[in-house]
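Source file: my_file-v7.tsv (TSV, C-alpha atoms and all ligand atoms)
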```
chain	number	residue	atom	x	y	z
A	1	MET	CA	-20.41	-5.63	16.30
A	2	PRO	CA	-16.89	-5.76	14.87
A	3	ARG	CA	-13.94	-4.17	16.60
A	4	PRO	CA	-14.28	-0.51	15.60
A	5	ILE	CA	-10.92	0.04	13.88
A	6	GLN	CA	-10.93	0.51	10.13
A	7	ALA	CA	-8.92	2.04	7.33
A	8	ARG	CA	-11.04	3.94	4.86
A	9	ILE	CA	-9.55	4.30	1.40
A	10	ASN	CA	-10.83	7.33	-0.47
A	11	LEU	CA	-10.67	6.56	-4.18
A	12	SER	CA	-11.61	10.07	-5.26
A	13	ALA	CA	-8.68	11.40	-3.21
A	14	LEU	CA	-6.38	9.13	-5.22
A	15	GLU	CA	-7.91	10.47	-8.46
A	16	ASN	CA	-7.55	14.04	-7.19
A	17	ASN	CA	-3.91	13.51	-6.30
A	18	LEU	CA	-3.15	12.09	-9.73
A	19	GLN	CA	-4.70	15.24	-11.19
A	20	VAL	CA	-2.41	17.34	-9.00
A	21	ALA	CA	0.52	15.48	-10.52
A	22	ARG	CA	-0.90	15.95	-14.04
A	23	ARG	CA	-1.23	19.67	-13.56
A	24	ALA	CA	2.36	19.88	-12.35
A	25	THR	CA	3.97	18.28	-15.38
A	26	PRO	CA	3.56	17.49	-19.06
A	27	ALA	CA	5.60	14.30	-18.52
A	28	ARG	CA	4.05	10.86	-18.52
A	29	ILE	CA	3.15	9.57	-15.08
A	30	MET	CA	4.45	6.26	-13.81
A	31	SER	CA	2.41	5.78	-10.63
A	32	ILE	CA	4.28	3.89	-7.94
A	33	ILE	CA	2.13	1.16	-6.40
A	34	LYS	CA	4.84	-0.87	-4.67
A	35	ALA	CA	4.31	-2.16	-1.13
A	36	ASP	CA	0.68	-3.02	-1.85
A	37	GLY	CA	0.05	0.49	-3.12
A	38	TYR	CA	1.73	2.05	-0.07
A	39	GLY	CA	-0.68	0.02	2.08
A	40	HIS	CA	-3.81	1.11	0.17
A	41	GLY	CA	-4.16	-2.17	-1.74
A	42	MET	CA	-2.30	-2.55	-5.04
A	43	LEU	CA	-5.25	-3.27	-7.31
A	44	ARG	CA	-7.46	-0.79	-5.47
A	45	ALA	CA	-4.85	1.93	-5.94
A	46	ALA	CA	-4.22	1.01	-9.56
A	47	GLY	CA	-7.96	1.11	-10.24
A	48	ALA	CA	-8.32	4.61	-8.81
A	49	LEU	CA	-5.14	5.66	-10.62
A	50	SER	CA	-6.09	3.97	-13.89
A	51	ALA	CA	-5.53	7.22	-15.79
A	52	SER	CA	-1.79	6.80	-15.10
A	53	ASP	CA	0.51	6.24	-18.06
A	54	GLY	CA	2.28	3.40	-16.27
A	55	PHE	CA	2.65	1.58	-12.97
A	56	ALA	CA	5.76	0.63	-11.03
A	57	LEU	CA	6.19	-2.05	-8.39
A	58	LEU	CA	8.58	-4.74	-7.26
A	59	GLY	CA	7.30	-8.31	-7.33
A	60	ILE	CA	6.70	-10.37	-10.41
A	61	GLN	CA	3.55	-11.93	-8.92
A	62	ASP	CA	2.08	-8.48	-8.33
A	63	ALA	CA	2.95	-7.43	-11.87
A	64	MET	CA	1.22	-10.52	-13.24
A	65	ARG	CA	-1.86	-9.81	-11.12
A	66	LEU	CA	-1.94	-6.28	-12.48
A	67	ARG	CA	-1.75	-7.50	-16.09
A	68	GLU	CA	-4.38	-10.13	-15.42
A	69	ALA	CA	-6.62	-7.34	-14.10
A	70	CYS	CA	-6.33	-5.91	-17.63
A	71	PHE	CA	-4.08	-2.93	-17.02
A	72	ARG	CA	-2.40	-2.37	-20.38
A	73	GLN	CA	0.01	0.42	-19.42
A	74	PRO	CA	3.73	-0.21	-19.08
A	75	ILE	CA	4.49	-1.98	-15.80
A	76	LEU	CA	7.94	-1.17	-14.46
A	77	MET	CA	9.74	-3.61	-12.18
A	78	LEU	CA	11.66	-1.19	-9.93
A	79	GLU	CA	14.36	-3.71	-9.03
A	80	GLY	CA	14.15	-5.48	-12.38
A	81	PHE	CA	14.31	-9.26	-12.47
A	82	PHE	CA	15.88	-11.25	-9.65
A	83	GLY	CA	16.80	-14.46	-11.46
A	84	ALA	CA	16.73	-16.28	-14.79
A	85	GLU	CA	13.34	-17.81	-14.02
A	86	ASP	CA	11.81	-14.31	-14.05
A	87	LEU	CA	12.66	-13.68	-17.70
A	88	ALA	CA	9.94	-15.81	-19.25
A	89	PRO	CA	7.09	-14.15	-17.31
A	90	VAL	CA	8.73	-10.74	-17.81
A	91	CYS	CA	8.39	-11.21	-21.55
A	92	GLU	CA	5.09	-13.02	-21.51
A	93	TYR	CA	3.52	-10.27	-19.41
A	94	ASN	CA	5.36	-7.49	-21.20
A	95	LEU	CA	6.98	-6.10	-18.07
A	96	THR	CA	9.54	-3.32	-18.22
A	97	CYS	CA	12.67	-3.97	-16.16
A	98	VAL	CA	15.00	-1.65	-14.37
A	99	ILE	CA	18.56	-2.77	-15.09
A	100	HIS	CA	20.65	-1.62	-12.15
A	101	SER	CA	23.61	-4.00	-12.04
A	102	ALA	CA	26.02	-5.79	-14.34
A	103	TRP	CA	24.81	-9.19	-13.13
A	104	GLN	CA	21.45	-8.50	-14.72
A	105	ILE	CA	23.00	-7.86	-18.13
A	106	ALA	CA	25.07	-11.03	-17.73
A	107	LEU	CA	21.88	-12.91	-16.95
A	108	LEU	CA	20.24	-11.54	-20.08
A	109	ASP	CA	23.29	-12.60	-22.12
A	110	ALA	CA	23.24	-16.09	-20.66
A	111	TYR	CA	19.57	-16.69	-21.22
A	112	PRO	CA	18.97	-19.58	-23.68
A	113	LYS	CA	18.93	-18.30	-27.23
A	114	ASN	CA	15.71	-20.05	-28.12
A	115	GLY	CA	13.83	-18.87	-25.05
A	116	ALA	CA	12.35	-15.53	-24.20
A	117	PRO	CA	13.58	-12.84	-24.27
A	118	SER	CA	14.70	-13.76	-27.77
A	119	SER	CA	14.01	-10.91	-30.10
A	120	GLY	CA	13.48	-7.33	-29.10
A	121	LYS	CA	10.73	-7.94	-26.58
A	122	LEU	CA	12.16	-6.40	-23.47
A	123	ASP	CA	11.89	-2.72	-22.52
A	124	VAL	CA	14.47	-1.68	-19.97
A	125	TRP	CA	15.16	1.32	-17.79
A	126	LEU	CA	18.89	1.65	-17.26
A	127	LYS	CA	19.47	3.03	-13.80
A	128	VAL	CA	22.25	5.50	-13.23
A	129	ASN	CA	23.59	6.05	-9.73
A	130	SER	CA	23.70	9.83	-9.34
A	131	GLY	CA	24.88	9.80	-5.74
A	132	MET	CA	22.35	7.92	-3.67
A	133	ASN	CA	24.53	4.82	-3.90
A	134	ARG	CA	21.67	2.39	-3.64
A	135	LEU	CA	20.94	0.95	-7.08
A	136	GLY	CA	22.42	1.83	-10.44
A	137	PHE	CA	25.56	2.09	-12.49
A	138	ALA	CA	28.05	4.82	-11.76
A	139	PRO	CA	28.19	7.15	-14.78
A	140	GLN	CA	31.60	5.73	-15.77
A	141	GLN	CA	30.14	2.22	-15.97
A	142	ALA	CA	26.74	3.21	-17.28
A	143	ALA	CA	28.11	4.04	-20.75
A	144	GLN	CA	29.30	0.48	-21.18
A	145	ALA	CA	26.00	-0.90	-19.88
A	146	MET	CA	24.19	1.35	-22.33
A	147	GLU	CA	26.24	-0.04	-25.22
A	148	GLN	CA	25.60	-3.61	-24.13
A	149	LEU	CA	21.86	-3.00	-23.92
A	150	ARG	CA	21.72	-1.14	-27.22
A	151	ARG	CA	23.36	-4.09	-28.96
A	152	HIS	CA	21.36	-6.72	-27.10
A	153	ARG	CA	18.94	-8.65	-29.29
A	154	ALA	CA	16.42	-9.01	-26.46
A	155	VAL	CA	16.14	-5.30	-25.75
A	156	ARG	CA	13.53	-3.10	-27.42
A	157	GLU	CA	13.32	0.37	-25.85
A	158	ILE	CA	15.80	1.85	-23.39
A	159	THR	CA	14.88	4.58	-20.92
A	160	LEU	CA	17.47	6.23	-18.70
A	161	MET	CA	16.59	6.74	-15.07
A	162	THR	CA	18.00	7.89	-11.78
A	163	HIS	CA	16.61	8.41	-8.29
A	164	PHE	CA	17.27	11.32	-5.93
A	165	ALA	CA	18.29	10.89	-2.32
A	166	ASN	CA	17.41	14.44	-1.26
A	167	ALA	CA	14.62	15.85	-3.42
A	168	ASP	CA	12.55	16.38	-0.26
A	169	GLU	CA	15.39	18.12	1.61
A	170	THR	CA	16.48	21.72	1.42
A	171	CYS	CA	19.82	20.87	-0.22
A	172	GLY	CA	18.05	20.08	-3.48
A	173	ILE	CA	19.03	18.04	-6.51
A	174	ALA	CA	21.43	20.24	-8.49
A	175	GLU	CA	24.41	17.93	-8.18
A	176	PRO	CA	22.78	14.59	-9.05
A	177	LEU	CA	20.72	16.28	-11.77
A	178	ALA	CA	23.85	17.64	-13.44
A	179	LEU	CA	25.58	14.28	-13.12
A	180	PHE	CA	22.67	12.48	-14.73
A	181	ASN	CA	22.17	15.06	-17.47
A	182	ASP	CA	25.87	14.98	-18.36
A	183	PHE	CA	25.68	11.23	-18.72
A	184	ALA	CA	22.41	11.22	-20.65
A	185	ALA	CA	23.31	14.07	-23.04
A	186	PRO	CA	24.60	11.92	-25.93
A	187	TYR	CA	21.62	9.57	-25.92
A	188	ARG	CA	18.30	10.24	-27.56
A	189	VAL	CA	16.20	8.06	-25.28
A	190	PRO	CA	13.44	8.83	-22.76
A	191	ARG	CA	14.48	9.90	-19.27
A	192	SER	CA	12.98	9.52	-15.82
A	193	LEU	CA	14.23	11.12	-12.63
A	194	ALA	CA	11.51	12.57	-10.43
A	195	ASN	CA	9.80	11.08	-7.37
A	196	SER	CA	6.96	13.01	-5.71
A	197	ALA	CA	9.23	15.63	-4.17
A	198	ALA	CA	11.09	16.36	-7.41
A	199	LEU	CA	7.83	16.37	-9.36
A	200	LEU	CA	6.40	19.02	-7.04
A	201	ARG	CA	9.49	21.16	-6.61
A	202	TYR	CA	11.88	20.70	-9.54
A	203	PRO	CA	10.30	20.96	-13.02
A	204	GLU	CA	13.79	20.81	-14.51
A	205	SER	CA	13.95	17.18	-13.40
A	206	HIS	CA	10.71	16.01	-15.00
A	207	GLY	CA	12.10	14.49	-18.19
A	208	ASP	CA	9.76	12.13	-20.04
A	209	TRP	CA	8.41	10.08	-17.14
A	210	VAL	CA	7.83	11.15	-13.55
A	211	ARG	CA	7.49	8.55	-10.79
A	212	PRO	CA	5.22	9.83	-8.01
A	213	GLY	CA	4.35	7.60	-5.09
A	214	LEU	CA	3.72	9.31	-1.77
A	215	MET	CA	1.89	12.34	-3.17
A	216	LEU	CA	-0.67	10.12	-4.89
A	217	TYR	CA	-1.64	8.79	-1.49
A	218	GLY	CA	-2.10	12.33	-0.24
A	219	ALA	CA	0.93	13.00	1.92
A	220	SER	CA	3.45	15.77	1.53
A	221	PRO	CA	7.09	14.77	1.03
A	222	PHE	CA	8.24	18.08	2.54
A	223	ALA	CA	8.72	19.08	6.16
A	224	ASP	CA	7.86	22.71	5.40
A	225	THR	CA	4.74	22.26	3.26
A	226	ASP	CA	1.67	20.27	4.20
A	227	ALA	CA	-0.43	18.16	1.89
A	228	GLN	CA	-3.33	20.60	1.85
A	229	GLN	CA	-1.08	23.42	0.63
A	230	LEU	CA	-0.11	21.16	-2.25
A	231	GLY	CA	-3.73	20.37	-3.10
A	232	LEU	CA	-3.36	16.77	-1.96
A	233	ARG	CA	-6.06	14.84	-0.09
A	234	PRO	CA	-5.37	11.91	2.22
A	235	ALA	CA	-6.32	8.62	0.60
A	236	MET	CA	-6.17	6.62	3.83
A	237	THR	CA	-7.96	7.40	7.07
A	238	LEU	CA	-7.23	5.09	9.97
A	239	SER	CA	-9.99	5.43	12.55
A	240	SER	CA	-11.36	3.67	15.58
A	241	ARG	CA	-13.37	4.40	18.70
A	242	ILE	CA	-12.94	4.82	22.42
A	243	ILE	CA	-13.98	1.55	24.05
A	244	ALA	CA	-13.38	2.48	27.71
A	245	VAL	CA	-12.69	5.52	29.85
A	246	GLN	CA	-10.52	5.67	32.96
A	247	ASP	CA	-10.82	8.38	35.60
A	248	LEU	CA	-7.35	8.93	36.99
A	249	ARG	CA	-6.44	10.52	40.30
A	250	ALA	CA	-3.28	12.55	40.78
A	251	GLY	CA	-0.35	10.15	40.85
A	252	ASP	CA	-2.01	7.35	38.89
A	253	GLU	CA	0.01	5.80	36.09
A	254	ILE	CA	-1.16	4.29	32.84
A	255	GLY	CA	0.02	1.54	30.54
A	256	TYR	CA	2.99	-0.78	30.42
A	257	GLY	CA	5.95	0.67	32.20
A	258	GLY	CA	3.79	3.39	33.75
A	259	LEU	CA	5.31	5.87	31.32
A	260	PHE	CA	2.63	8.45	32.05
A	261	ARG	CA	1.73	9.60	35.55
A	262	ALA	CA	-1.21	11.96	36.08
A	263	GLU	CA	-0.35	15.20	37.86
A	264	HIS	CA	-3.98	15.83	38.64
A	265	ALA	CA	-7.32	14.08	38.20
A	266	MET	CA	-8.05	13.49	34.54
A	267	ARG	CA	-9.96	11.31	32.07
A	268	VAL	CA	-8.25	8.99	29.67
A	269	GLY	CA	-9.85	7.26	26.69
A	270	ILE	CA	-8.84	3.74	25.73
A	271	VAL	CA	-8.70	3.54	21.93
A	272	ALA	CA	-9.08	0.24	20.07
A	273	CYS	CA	-5.88	0.56	18.05
A	274	GLY	CA	-2.42	-0.75	18.84
A	275	TYR	CA	0.84	-1.77	17.27
A	276	ALA	CA	-0.66	-5.03	16.01
A	277	ASP	CA	-2.84	-2.81	13.80
A	278	GLY	CA	0.19	-0.94	12.50
A	279	TYR	CA	0.19	2.06	14.84
A	280	PRO	CA	3.85	2.53	15.78
A	281	ARG	CA	4.75	1.34	19.26
A	282	HIS	CA	7.52	3.91	19.37
A	283	ALA	CA	5.06	6.82	19.00
A	284	PRO	CA	5.70	8.63	22.27
A	285	GLY	CA	3.07	10.10	24.55
A	286	GLY	CA	2.14	13.48	23.07
A	287	THR	CA	1.58	12.16	19.55
A	288	PRO	CA	-1.42	14.00	18.07
A	289	ILE	CA	-4.70	12.13	17.75
A	290	LEU	CA	-8.22	13.28	16.82
A	291	VAL	CA	-11.12	12.50	19.16
A	292	ASP	CA	-14.60	13.59	18.00
A	293	GLY	CA	-12.96	16.00	15.60
A	294	GLN	CA	-10.76	17.60	18.28
A	295	THR	CA	-7.00	17.28	18.35
A	296	THR	CA	-5.62	15.84	21.56
A	297	GLN	CA	-2.62	13.65	22.37
A	298	THR	CA	-1.73	10.08	23.14
A	299	LEU	CA	-0.44	9.18	26.59
A	300	GLY	CA	1.90	6.47	27.79
A	301	ARG	CA	3.03	3.49	25.77
A	302	VAL	CA	1.15	2.05	22.82
A	303	SER	CA	-0.01	-1.52	23.53
A	304	MET	CA	-0.54	-4.32	21.05
A	305	ASP	CA	-4.27	-3.64	20.73
A	306	MET	CA	-4.92	-0.33	22.47
A	307	LEU	CA	-3.56	3.10	23.13
A	308	TYR	CA	-4.44	5.99	25.44
A	309	ALA	CA	-5.96	9.34	24.49
A	310	ASP	CA	-5.92	12.37	26.76
A	311	LEU	CA	-9.52	13.49	27.31
A	312	SER	CA	-8.78	16.15	29.92
A	313	LYS	CA	-9.82	18.95	27.52
A	314	LEU	CA	-12.67	16.93	25.96
A	315	PRO	CA	-15.38	16.56	28.60
A	316	GLN	CA	-17.93	15.41	26.00
A	317	ALA	CA	-15.76	12.55	24.78
A	318	ASP	CA	-16.80	9.13	26.04
A	319	VAL	CA	-17.13	5.47	25.12
A	320	GLY	CA	-18.03	5.37	21.43
A	321	SER	CA	-16.26	8.60	20.56
A	322	HIS	CA	-14.81	8.56	17.07
A	323	VAL	CA	-11.01	8.58	16.86
A	324	VAL	CA	-8.84	9.36	13.85
A	325	LEU	CA	-5.29	8.05	14.13
A	326	TRP	CA	-4.32	9.59	10.76
A	327	GLY	CA	-6.01	10.75	7.59
A	328	ASP	CA	-8.99	13.12	7.35
A	329	GLY	CA	-8.53	15.77	10.02
A	330	MET	CA	-5.22	14.39	11.29
A	331	PRO	CA	-2.37	14.75	8.79
A	332	ILE	CA	-0.30	11.59	8.65
A	333	GLU	CA	2.85	13.72	8.41
A	334	LYS	CA	2.19	15.13	11.90
A	335	VAL	CA	1.78	11.68	13.39
A	336	ALA	CA	4.88	10.48	11.56
A	337	ARG	CA	6.95	13.40	12.79
A	338	ALA	CA	5.87	12.91	16.39
A	339	ALA	CA	6.61	9.19	16.12
A	340	GLY	CA	10.06	9.78	14.60
A	341	THR	CA	9.16	8.07	11.36
A	342	ALA	CA	7.85	8.91	7.88
A	343	SER	CA	4.34	8.88	6.40
A	344	TYR	CA	5.60	6.17	4.05
A	345	GLU	CA	6.25	3.79	6.93
A	346	LEU	CA	2.92	4.45	8.64
A	347	MET	CA	0.97	3.76	5.45
A	348	CYS	CA	2.84	0.55	4.72
A	349	ALA	CA	2.61	-0.68	8.30
A	350	LEU	CA	-1.15	-1.27	8.38
A	351	THR	CA	-1.71	-4.91	9.22
A	352	ASP	CA	-4.09	-7.44	7.73
A	353	ARG	CA	-6.43	-7.43	10.69
A	354	VAL	CA	-7.49	-3.85	9.97
A	355	PRO	CA	-10.62	-3.97	7.79
A	356	ILE	CA	-10.42	-1.85	4.65
A	357	VAL	CA	-13.49	0.19	3.80
A	358	VAL	CA	-13.79	1.92	0.44
B	1	LIG	C1	9.42	4.43	-4.32
B	1	LIG	C2	10.05	5.07	-5.53
B	1	LIG	C3	9.53	6.25	-6.08
B	1	LIG	C4	8.41	7.03	-5.46
B	1	LIG	O1	8.90	7.85	-4.44
B	1	LIG	P1	7.93	8.83	-3.62
B	1	LIG	O2	8.84	9.56	-2.72
B	1	LIG	O3	6.98	7.95	-2.89
B	1	LIG	O4	7.24	9.68	-4.62
B	1	LIG	C5	10.09	6.71	-7.25
B	1	LIG	N1	11.15	6.07	-7.83
B	1	LIG	C6	11.68	4.96	-7.30
B	1	LIG	C7	12.84	4.33	-7.96
B	1	LIG	C8	11.16	4.43	-6.13
B	1	LIG	O5	11.71	3.34	-5.60
```
As structure tokens, the full file:
Amino acid sequence: MPRPIQARINLSALENNLQVARRATPARIMSIIKADGYGHGMLRAAGALSASDGFALLGIQDAMRLREACFRQPILMLEGFFGAEDLAPVCEYNLTCVIHSAWQIALLDAYPKNGAPSSGKLDVWLKVNSGMNRLGFAPQQAAQAMEQLRRHRAVREITLMTHFANADETCGIAEPLALFNDFAAPYRVPRSLANSAALLRYPESHGDWVRPGLMLYGASPFADTDAQQLGLRPAMTLSSRIIAVQDLRAGDEIGYGGLFRAEHAMRVGIVACGYADGYPRHAPGGTPILVDGQTTQTLGRVSMDMLYADLSKLPQADVGSHVVLWGDGMPIEKVARAAGTASYELMCALTDRVPIVV
């Protein structure tokens, strides 16, 4: 019998969530499958999301794997190329590159004339920094970059893009949207601005390509709206079982550091899931957890391989009881909030030792 932890990936949930995005916008959908498809498996996610108009990720090896798996849509490299040696595969595999910095244009200029990218083979997305100050050209510099790319013999199609820092916050996107639109106004090229949050909340930002990630995996980007309200279904369910039960007396402590001390006699379930599986060690006692379909809470400190579930209100629960850490029946957003992190981080944190079940 294998250790009972597993992550079940629900492919029809991924398909459903893509449909939710479709219904929300007429724009083309660039599905974000970076970070191994937000922990769901890159090729697995791409397969379930194969009706997407494009895919976006980071590493050139992943992009090549995706092409070799016969995905013919545009593949966008979200950080573009990293060095001159990337340019040959970028062209050979017909990868679209974000251009976010002047050094990348210089690298394109310096590339040997007789090598790829020689003649109009490279599609680029010019990234404009609209206030996040992570990647992209400030609007004042972006005009020059645009001219350089328009004149560049290697470049075929140019798309203008930006990324919002606060689309999931209450302050909205008015300022960066206006900044980007002002810059883009003179150019008749495709535009892309929206992540999941902007796709769901700001139709005025949709442009020609939207770039959903999180919502496709079934989590809500918003603190005030849950995934179900948005029609989204969790694509990942991390589950395990109770492998031991401890009967505590008043005053007994549990776990490293004795962070939890029982005030009265109670039962505690030992769950086969710990931080070496990707469950956050910093999730405090009180983090919600589902045992046999009932919501209860964790207790004490998460160990490498185990954590503690409060069974005081679940007299039927015992060794073998089914536990959901997040996913079906236990929204990942709730766990993330309790643990002081984001659904994104929980999804990506799953470790290799957790078996994936489809
Ligand atoms: C990761 C990423 C996205 C997707 O963001 P979500 O919040 O997961 O929808 C979109 N655009 C860029 C540039 C990204 O890096």
For a cutoff of 12 Å around the file-coordinate point (3.2, 13.0, -17.7), which residues qualify once you count all atoms listed in the file? I'd like the result as a PyMOL selection string. chain A and resi 18-31+51-54+191-192+194+199+203+206-212
What are the closest atom pairs, with distances in Å to one decimal, for each residue of chain A lying within 9 Å of ligand LIG 1 (chain B), using all atoms listed in the file, rows by chain and rising residue number, as a tab-separated table?
```
residue	atom	partner	partner_atom	distance
A:Met30	CA	B:LIG1	C5	8.7
A:Ser31	CA	B:LIG1	C4	8.0
A:Ile32	CA	B:LIG1	C4	5.8
A:Ile33	CA	B:LIG1	C1	8.3
A:Lys34	CA	B:LIG1	C1	7.0
A:Ala35	CA	B:LIG1	C1	8.9
A:Tyr38	CA	B:LIG1	O3	8.4
A:Ala56	CA	B:LIG1	C8	8.2
A:Leu57	CA	B:LIG1	O5	8.2
A:Leu58	CA	B:LIG1	O5	8.8
A:Leu78	CA	B:LIG1	C7	6.0
A:Glu79	CA	B:LIG1	C7	8.3
A:Lys127	CA	B:LIG1	C7	8.9
A:Leu135	CA	B:LIG1	C7	8.8
A:Met161	CA	B:LIG1	C7	8.4
A:Thr162	CA	B:LIG1	C7	7.3
A:His163	CA	B:LIG1	C7	5.6
A:Phe164	CA	B:LIG1	N1	8.3
A:Ala167	CA	B:LIG1	O2	8.6
A:Asp168	CA	B:LIG1	O2	8.1
A:Ser192	CA	B:LIG1	N1	8.9
A:Leu193	CA	B:LIG1	N1	7.6
A:Ala194	CA	B:LIG1	C5	6.8
A:Asn195	CA	B:LIG1	O4	4.0
A:Ser196	CA	B:LIG1	O4	3.5
A:Ala197	CA	B:LIG1	O2	6.3
A:Ala198	CA	B:LIG1	O4	8.2
A:Leu199	CA	B:LIG1	O4	8.2
A:Val210	CA	B:LIG1	C5	8.0
A:Arg211	CA	B:LIG1	C5	4.8
A:Pro212	CA	B:LIG1	O4	3.9
A:Gly213	CA	B:LIG1	O3	3.4
A:Leu214	CA	B:LIG1	O3	3.7
A:Met215	CA	B:LIG1	O4	6.1
A:Leu216	CA	B:LIG1	O4	7.9
A:Tyr217	CA	B:LIG1	O3	8.8
A:Pro221	CA	B:LIG1	O2	6.7
A:Tyr344	CA	B:LIG1	O3	7.3
```
Write a file of the just-selected residues containing C-alpha atoms, as a short mmCIF file (atom, residue, chain, number, x, y, z; two decimals), keeping the file's coordinate frame.
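What landed in again-v8.cif:
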```
data_model
loop_
_atom_site.label_atom_id
_atom_site.label_comp_id
_atom_site.auth_asym_id
_atom_site.auth_seq_id
_atom_site.Cartn_x
_atom_site.Cartn_y
_atom_site.Cartn_z
CA MET A 30 4.45 6.26 -13.81
CA SER A 31 2.41 5.78 -10.63
CA ILE A 32 4.28 3.89 -7.94
CA ILE A 33 2.13 1.16 -6.40
CA LYS A 34 4.84 -0.87 -4.67
CA ALA A 35 4.31 -2.16 -1.13
CA TYR A 38 1.73 2.05 -0.07
CA ALA A 56 5.76 0.63 -11.03
CA LEU A 57 6.19 -2.05 -8.39
CA LEU A 58 8.58 -4.74 -7.26
CA LEU A 78 11.66 -1.19 -9.93
CA GLU A 79 14.36 -3.71 -9.03
CA LYS A 127 19.47 3.03 -13.80
CA LEU A 135 20.94 0.95 -7.08
CA MET A 161 16.59 6.74 -15.07
CA THR A 162 18.00 7.89 -11.78
CA HIS A 163 16.61 8.41 -8.29
CA PHE A 164 17.27 11.32 -5.93
CA ALA A 167 14.62 15.85 -3.42
CA ASP A 168 12.55 16.38 -0.26
CA SER A 192 12.98 9.52 -15.82
CA LEU A 193 14.23 11.12 -12.63
CA ALA A 194 11.51 12.57 -10.43
CA ASN A 195 9.80 11.08 -7.37
CA SER A 196 6.96 13.01 -5.71
CA ALA A 197 9.23 15.63 -4.17
CA ALA A 198 11.09 16.36 -7.41
CA LEU A 199 7.83 16.37 -9.36
CA VAL A 210 7.83 11.15 -13.55
CA ARG A 211 7.49 8.55 -10.79
CA PRO A 212 5.22 9.83 -8.01
CA GLY A 213 4.35 7.60 -5.09
CA LEU A 214 3.72 9.31 -1.77
CA MET A 215 1.89 12.34 -3.17
CA LEU A 216 -0.67 10.12 -4.89
CA TYR A 217 -1.64 8.79 -1.49
CA PRO A 221 7.09 14.77 1.03
CA TYR A 344 5.60 6.17 4.05
#
```
Find the nearest atom pair between each residue of range 104-153 of chain A and range 80-100 of chain A for residues within 6 Å, count only C-alpha atoms, give distances in Å to one decimal, sort rows by chain and ascending number, and present the table as CSV.
```
residue,atom,partner,partner_atom,distance
A:Ala116,CA,A:Ala88,CA,5.5
A:Asp123,CA,A:Thr96,CA,4.9
A:Val124,CA,A:Cys97,CA,4.8
A:Trp125,CA,A:Val98,CA,4.5
A:Leu126,CA,A:Ile99,CA,4.9
A:Lys127,CA,A:His100,CA,5.1
A:Leu135,CA,A:His100,CA,5.7
A:Gly136,CA,A:His100,CA,4.2
```
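Among the candidate residues A:Arg153, A:Arg201, A:Arg188, A:Arg267, the one lying nearest to Asp310 in chain A is A:Arg267, with distances computed using all atoms listed in the file.
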Determine, counting all atoms listed in the file, which protein, DNA and RNA residues have an atom within 10 Å of an atom of Ala227 in chain A; residues of the same chain fewer than 5 positions away are not included. Present the result as a PDB file with C-alpha atoms, in the coordinates of the input.
```
ATOM      1  CA  MET A 215       1.890  12.340  -3.170  1.00  0.00           C
ATOM      2  CA  GLY A 218      -2.100  12.330  -0.240  1.00  0.00           C
ATOM      3  CA  ALA A 219       0.930  13.000   1.920  1.00  0.00           C
ATOM      4  CA  SER A 220       3.450  15.770   1.530  1.00  0.00           C
ATOM      5  CA  PRO A 221       7.090  14.770   1.030  1.00  0.00           C
ATOM      6  CA  PHE A 222       8.240  18.080   2.540  1.00  0.00           C
ATOM      7  CA  LEU A 232      -3.360  16.770  -1.960  1.00  0.00           C
ATOM      8  CA  ARG A 233      -6.060  14.840  -0.090  1.00  0.00           C
ATOM      9  CA  PRO A 234      -5.370  11.910   2.220  1.00  0.00           C
ATOM     10  CA  PRO A 331      -2.370  14.750   8.790  1.00  0.00           C
ATOM     11  CA  ILE A 332      -0.300  11.590   8.650  1.00  0.00           C
ATOM     12  CA  GLU A 333       2.850  13.720   8.410  1.00  0.00           C
TER      13      GLU A 333
END
```
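Residue neighbourhood of Ile243 in chain A, excluding near-sequence residues (fewer than 6 positions): Gly269, Ile270, Val271, Ala272, Val319 and Gly320 of chain A, at 8 Å, using only C-alpha atoms.
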Restrict the selected residues to C-alpha atoms and save them as a PDB file, in the coordinates of the input.
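Result saved to selection.pdb:
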```
ATOM      1  CA  GLY A 269      -9.850   7.260  26.690  1.00  0.00           C
ATOM      2  CA  ILE A 270      -8.840   3.740  25.730  1.00  0.00           C
ATOM      3  CA  VAL A 271      -8.700   3.540  21.930  1.00  0.00           C
ATOM      4  CA  ALA A 272      -9.080   0.240  20.070  1.00  0.00           C
ATOM      5  CA  VAL A 319     -17.130   5.470  25.120  1.00  0.00           C
ATOM      6  CA  GLY A 320     -18.030   5.370  21.430  1.00  0.00           C
TER       7      GLY A 320
END
```
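The shortest atom-to-atom distance to Gly41 in chain A, with all atoms listed in the file taken into account, belongs to A:Asn10 out of A:Asn166, A:Asn10, A:Thr298, A:Gln228.
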Quick one: 3 Å padding each side, axis-aligned, all listed atoms of range 210-223 of chain A - centre and edge lengths in Å to one decimal, as AutoDock Vina command-line options?
```
--center_x 3.3 --center_y 13.3 --center_z -3.7 --size_x 16.8 --size_y 17.5 --size_z 25.7
```
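Going from CA of Gly285 in chain A over to CA of Ser239 in chain A, you cover 18.3 Å.
The protein and nucleic acid residues lying at most 12 Å from Asp182 in chain A are Val128, Ser130, Pro139, Gln140, Ala142, Ala143, Glu175, Pro176, Leu177, Ala178, Leu179, Ala185, Pro186 and Tyr187 of chain A, with all atoms listed in the file considered and sequence neighbours fewer than 3 positions away removed.
As for CA of Ala283 in chain A and CA of Gly340 in chain A, they are spaced 7.3 Å apart.
Among A:Leu238, A:Ala13, A:Cys70, A:Met132, the residue with the shortest atom-to-atom distance to Gly327 in chain A, counting only C-alpha atoms, is A:Leu238.
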List as a VMD selection string the protein and nucleic acid residues near Pro315 in chain A, meaning an atom at most 12 Å away when all atoms listed in the file are counted, but skip any in the same chain fewer than 5 places from it. chain A and resid 245 247 266 to 269 291 to 292 294 310 321
